[in-house]
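Peer 1: The structure is given below, and queries will be raised subsequently.
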Amino acid sequence: MAATIHGAQILTQAGVSVLDRVQSAGPGDVSISRDKIYELGNDKSIGTTTGVPEVSYSVESFDVSCEFECRLIGENPATFPTTPGTNEIDFKDALPIDMLSIFKTRKNSDTVETGVISPYLALSSVSYSFGVGDNASQSFSLNGDTELLTPGQPYYAEIVNTGTGPYTIPRTADKYNDSGRDVYILSVMLKDSVTKAYKRVFFDQAGVTGYTNTSTTFTLPAAEQATYDTICITYSSSTKVNYDDDGVGPNGQTVHEGLLVKPAAVQAKDLDVYIGTNDATPVFTRMISVQNIQATWSVTMENGEELGNNRFTYTEYDVPDVSGSIGIKPISVADLADKFSRVTGVPAAEVIGPNSSVPVPLEMRVRHPDTGVVLKTIYIPDARFDIPGFTGQVNSRLENTLNFTSDTGEMFVYNGARV
């Protein structure tokens, strides 16, 4: 009987980083529009046309560090600051990223057999979920236009941009027959580590509008090192390099960080929710009796297309949307009234109605379970809460869910404390 594939065999790599504490990940949905063509006088369809594929890639993790968030905005998590005032992450600064799903030969092996490359993925949503009795989790959704199943080991590399090249890759690449074209370098993106500018470069056999390649080299169509200092590429190769669980991968990054670097997971006792006053300089107080909290940043993507190209030329969005909820079990009538007053910004002596709510700042702080140090802060500067309904029930404590949205669509993550 053939062996099954276990989760222990699948590594998830974002750029150069192998992600830690991943619970689920991969290109779960790949869709492509197909239209059948008919003609008069023929009782059969004569062919099918296809559109540009759409790929949805998701990652769910218990990692409460800012490693993946840093990679999404083009920063090195090892050097990204933790000092308040310099440690802010804004998802509006997210760059396209290449994701690798790396399959090891078996669950007790470090040898890679094959994998999947999902290049040039754009961030479409981020969600943080904390609850009593649950591990803190974070989920990310990304969107792209291709999924490449590699016969060999999938590789990602970052190369210093010195001009058009040619550039030599360290391993012989496998061929991809893309509509009759021999493509070895599966994706190319230029980016700048300072300005965060980026540009997708497509394959062009003539080398006029895009890059050319062989199994060991590639050449860019223009010298743009003054604008972009780094070239990001992906390829597949039959030359294998181990991903030792206790060592480093091909990019020199630790495969799995130990507990001395980051906790295995974080539970409710190490998560705090703070509500600020509606003042020019808000005063924050910890919110008690919280059972769960969820916050989501999301955008609606628009994909650009052009004649003669089977990939999207751009993936953009207009304005983000931020929403979420807080589940509470008030300990008294006075506690419930106080919570309503604080989340709506309405003084305690005034009547609270559906139209009286004003935006208030909301902050979630995640602490290290052993040291108490704040590892991550999620901050929404203008959470506008809805007045909740309620249903009393015999032999049960009253529970309420406080739903909120952000007027500006802003949610920031801080590597450590915010202030």
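By convention in this document, the chains of the structure tokens carry letters A, B, ... by their order, each chain's residues are numbered from 1, and ligands are numbered from 1 in the order they are shown.
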Counting only C-alpha atoms, what is within 10 Å of range 216-221 of chain A, bar same-chain residues fewer than 5 positions away, as a list in words?
Peer 2: Asn161, Gly163, Thr164, Gly165, Pro166, Tyr167, Thr168, Ile169, Pro170, Arg171, Thr172, Ala173, Asp174, Tyr184, Ile185, Val188, Val201, Phe202, Phe203, Asp204, Ala206, Gly207, Val208, Thr209, Gly210, Tyr211, Ile231 and Ile233 of chain A
Peer 1: Mind checking which residues fall within 12 Å of Phe340 in chain A, counting only C-alpha atoms, ignoring those fewer than 3 positions away in the same chain, and posting them as a PyMOL selection string?
Peer 2: chain A and resi 275+287+326+328+330+333-337+343-354+356-358+360+384-389+400-403
Peer 1: Restricting the calculation to only C-alpha atoms: of A:Asp134, A:Asp244, A:Glu257, A:Glu363, which residue gets closest to Ala295 in chain A?
Peer 2: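 Selected residue with least distance to Ala295 in chain A: A:Glu363.
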Peer 1: Enumerate, in order of chain and increasing residue number, the residues of range 139-246 of chain A with an atom no farther than 6 Å from range 97-117 of chain A, each with its shortest atom pair and distance in Å to one decimal, counting only C-alpha atoms, as CSV.
Peer 2:
```
residue,atom,partner,partner_atom,distance
A:Leu148,CA,A:Ile117,CA,5.1
A:Leu149,CA,A:Val116,CA,4.5
A:Thr150,CA,A:Gly115,CA,5.4
A:Pro151,CA,A:Thr114,CA,5.7
A:Gly152,CA,A:Thr114,CA,4.9
A:Gln153,CA,A:Thr114,CA,4.9
A:Pro154,CA,A:Gly115,CA,5.8
A:Asn242,CA,A:Thr111,CA,4.8
A:Tyr243,CA,A:Asp110,CA,5.2
A:Asp244,CA,A:Asp110,CA,5.1
```
Peer 1: Only C-alpha atoms, please: the residues just picked out, written as a CSV table (one decimal), in the first residue's frame.
Peer 2:
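Printed below is result-v3.csv as written:
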```csv
chain,number,residue,atom,x,y,z
A,148,LEU,CA,3.7,25.6,-10.7
A,149,LEU,CA,4.2,22.0,-9.7
A,150,THR,CA,7.9,21.3,-9.8
A,151,PRO,CA,9.5,17.9,-10.8
A,152,GLY,CA,12.5,18.8,-8.7
A,153,GLN,CA,13.1,21.0,-5.6
A,154,PRO,CA,11.6,24.5,-5.8
A,242,ASN,CA,18.3,19.3,2.5
A,243,TYR,CA,16.0,21.3,4.9
A,244,ASP,CA,17.4,20.0,8.2
```
Peer 1: Write out as an NGL selection string all residues of range 257-415 of chain A that DSSP puts in strand (DSSP E) for this structure's backbone.
Peer 2: :A and (271-276 or 284-286 or 290-298 or 302-304 or 314-316 or 321-328 or 360-367 or 374-385 or 400-406 or 412-415)
Peer 1: Put those residues in a file: C-alpha atoms, as a PDB file, in the first residue's frame.
Peer 2:
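Done, and the output landed in selection.pdb:
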```
ATOM      1  CA  LEU A 271      -3.373  38.354  25.516  1.00  0.00           C
ATOM      2  CA  ASP A 272      -4.774  41.713  26.583  1.00  0.00           C
ATOM      3  CA  VAL A 273      -7.333  44.036  24.997  1.00  0.00           C
ATOM      4  CA  TYR A 274      -7.154  47.786  25.631  1.00  0.00           C
ATOM      5  CA  ILE A 275      -9.678  50.503  24.747  1.00  0.00           C
ATOM      6  CA  GLY A 276      -8.608  54.136  24.522  1.00  0.00           C
ATOM      7  CA  PHE A 284      -5.868  53.275  27.464  1.00  0.00           C
ATOM      8  CA  THR A 285      -7.360  50.902  30.027  1.00  0.00           C
ATOM      9  CA  ARG A 286      -7.462  47.124  29.938  1.00  0.00           C
ATOM     10  CA  VAL A 290     -13.169  39.496  27.287  1.00  0.00           C
ATOM     11  CA  GLN A 291     -13.734  35.983  25.927  1.00  0.00           C
ATOM     12  CA  ASN A 292     -12.500  36.404  22.374  1.00  0.00           C
ATOM     13  CA  ILE A 293     -11.453  39.018  19.860  1.00  0.00           C
ATOM     14  CA  GLN A 294     -11.050  38.901  16.111  1.00  0.00           C
ATOM     15  CA  ALA A 295      -9.740  41.589  13.756  1.00  0.00           C
ATOM     16  CA  THR A 296      -9.465  41.430   9.961  1.00  0.00           C
ATOM     17  CA  TRP A 297      -7.813  43.660   7.362  1.00  0.00           C
ATOM     18  CA  SER A 298      -8.997  42.925   3.818  1.00  0.00           C
ATOM     19  CA  GLU A 302      -8.366  44.221  -9.219  1.00  0.00           C
ATOM     20  CA  ASN A 303      -6.246  42.353 -11.762  1.00  0.00           C
ATOM     21  CA  GLY A 304      -4.811  43.962 -14.891  1.00  0.00           C
ATOM     22  CA  TYR A 314      -0.806  44.196 -11.955  1.00  0.00           C
ATOM     23  CA  THR A 315      -2.875  43.348  -8.893  1.00  0.00           C
ATOM     24  CA  GLU A 316      -4.119  46.426  -7.072  1.00  0.00           C
ATOM     25  CA  ASP A 321     -11.603  47.381   5.047  1.00  0.00           C
ATOM     26  CA  VAL A 322     -11.019  46.631   8.726  1.00  0.00           C
ATOM     27  CA  SER A 323     -13.616  44.911  10.885  1.00  0.00           C
ATOM     28  CA  GLY A 324     -13.879  42.560  13.827  1.00  0.00           C
ATOM     29  CA  SER A 325     -15.633  41.666  17.043  1.00  0.00           C
ATOM     30  CA  ILE A 326     -15.101  41.331  20.784  1.00  0.00           C
ATOM     31  CA  GLY A 327     -16.966  38.664  22.751  1.00  0.00           C
ATOM     32  CA  ILE A 328     -17.598  39.532  26.411  1.00  0.00           C
ATOM     33  CA  VAL A 360     -12.184  54.837  19.755  1.00  0.00           C
ATOM     34  CA  PRO A 361      -8.687  53.328  19.563  1.00  0.00           C
ATOM     35  CA  LEU A 362      -8.397  49.585  20.115  1.00  0.00           C
ATOM     36  CA  GLU A 363      -5.195  47.738  20.969  1.00  0.00           C
ATOM     37  CA  MET A 364      -4.375  44.023  21.313  1.00  0.00           C
ATOM     38  CA  ARG A 365      -1.145  43.126  23.075  1.00  0.00           C
ATOM     39  CA  VAL A 366       0.468  39.681  22.805  1.00  0.00           C
ATOM     40  CA  ARG A 367       2.981  38.810  25.535  1.00  0.00           C
ATOM     41  CA  VAL A 374       5.181  42.251  24.524  1.00  0.00           C
ATOM     42  CA  LEU A 375       5.923  40.399  21.272  1.00  0.00           C
ATOM     43  CA  LYS A 376       3.313  42.008  19.037  1.00  0.00           C
ATOM     44  CA  THR A 377       0.730  44.763  19.185  1.00  0.00           C
ATOM     45  CA  ILE A 378      -2.254  45.056  16.843  1.00  0.00           C
ATOM     46  CA  TYR A 379      -3.639  48.579  16.781  1.00  0.00           C
ATOM     47  CA  ILE A 380      -6.810  49.989  15.223  1.00  0.00           C
ATOM     48  CA  PRO A 381      -6.875  53.784  15.714  1.00  0.00           C
ATOM     49  CA  ASP A 382     -10.585  54.287  15.011  1.00  0.00           C
ATOM     50  CA  ALA A 383     -12.756  51.302  15.884  1.00  0.00           C
ATOM     51  CA  ARG A 384     -16.446  52.201  15.636  1.00  0.00           C
ATOM     52  CA  PHE A 385     -18.572  49.745  17.633  1.00  0.00           C
ATOM     53  CA  ASN A 400     -22.508  39.881  24.182  1.00  0.00           C
ATOM     54  CA  THR A 401     -20.652  40.350  20.925  1.00  0.00           C
ATOM     55  CA  LEU A 402     -19.375  43.848  20.175  1.00  0.00           C
ATOM     56  CA  ASN A 403     -18.877  44.255  16.429  1.00  0.00           C
ATOM     57  CA  PHE A 404     -16.694  47.036  15.082  1.00  0.00           C
ATOM     58  CA  THR A 405     -15.375  48.541  11.875  1.00  0.00           C
ATOM     59  CA  SER A 406     -12.644  51.074  11.174  1.00  0.00           C
ATOM     60  CA  PHE A 412      -1.244  48.513  12.197  1.00  0.00           C
ATOM     61  CA  VAL A 413       0.997  45.812  13.649  1.00  0.00           C
ATOM     62  CA  TYR A 414       3.978  46.643  15.853  1.00  0.00           C
ATOM     63  CA  ASN A 415       7.006  44.445  16.394  1.00  0.00           C
TER      64      ASN A 415
END
```
Peer 1: Which residue is closest to Lys269 in chain A? Choose from A:Val160, A:Val183, A:Val283, A:Ala136 and count only C-alpha atoms.
Peer 2: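 When distances to Lys269 in chain A are compared using only C-alpha atoms, the smallest one comes from A:Ala136.
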Peer 1: Pick the closest to Tyr228 in chain A from A:Val194, A:Val30, A:Leu142, A:Ala14: which is it, counting only C-alpha atoms?
Peer 2: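 Checking each of A:Val194, A:Val30, A:Leu142, A:Ala14 against Tyr228 in chain A, counting only C-alpha atoms, the winner is A:Val194.
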Peer 1: Which residue is closest to Leu260 in chain A? Choose from A:Ser237, A:Ser45, A:Gln9, A:Thr371 and count only C-alpha atoms.
Peer 2: A:Thr371
Peer 1: In terms of the shortest atom-to-atom distance over only C-alpha atoms, which of A:Gly15, A:Ser141, A:Asp63, A:Thr254 is closest to Pro27 in chain A?
Peer 2: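 Of A:Gly15, A:Ser141, A:Asp63, A:Thr254, the one nearest Pro27 in chain A, counting only C-alpha atoms, is A:Ser141.
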Peer 1: Identify, on the basis of only C-alpha atoms, every residue whose closest approach to Tyr317 in chain A does not exceed 12 Å; exclude the query and any residue fewer than 5 positions from it along the same chain; express the result as a JSON list (two decimals) with C-alpha atoms, in the first residue's frame.
Peer 2:
```json
[["chain", "number", "residue", "atom", "x", "y", "z"],
["A", 92, "LYS", "CA", -0.72, 48.88, 2.70],
["A", 94, "ALA", "CA", 2.88, 44.88, 1.34],
["A", 122, "ALA", "CA", -0.47, 39.85, -3.50],
["A", 123, "LEU", "CA", -1.79, 40.15, 0.05],
["A", 124, "SER", "CA", -5.60, 40.32, 0.17],
["A", 125, "SER", "CA", -6.47, 39.74, 3.84],
["A", 143, "ASN", "CA", -3.80, 36.06, -4.60],
["A", 298, "SER", "CA", -9.00, 42.93, 3.82],
["A", 299, "VAL", "CA", -9.04, 44.39, 0.32],
["A", 300, "THR", "CA", -10.83, 43.67, -2.95],
["A", 301, "MET", "CA", -8.25, 42.95, -5.64],
["A", 302, "GLU", "CA", -8.37, 44.22, -9.22],
["A", 303, "ASN", "CA", -6.25, 42.35, -11.76],
["A", 304, "GLY", "CA", -4.81, 43.96, -14.89]]
```
Peer 1: Counting only C-alpha atoms, figure out which residue out of A:Thr49, A:Ala280, A:Gln267, A:Leu186 gets nearest to Ile37 in chain A.
Peer 2: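 Using only C-alpha atoms, Ile37 in chain A sits closest to A:Thr49.
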Peer 1: Report, in Å to a single decimal, how far apart CA of Arg418 in chain A and CA of His256 in chain A are.
Peer 2: 27.3 Å
Peer 1: Please indicate the distance in Å from CA of Arg34 in chain A to CA of Ser58 in chain A, rounded to one decimal place.
Peer 2: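 Between CA of Arg34 in chain A and CA of Ser58 in chain A the gap is 24.3 Å.
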Peer 1: To one decimal in Å, tell me the separation between CA of Gly180 in chain A and CA of Gln205 in chain A.
Peer 2: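 About the pair CA of Gly180 in chain A and CA of Gln205 in chain A: they are 10.8 Å apart.
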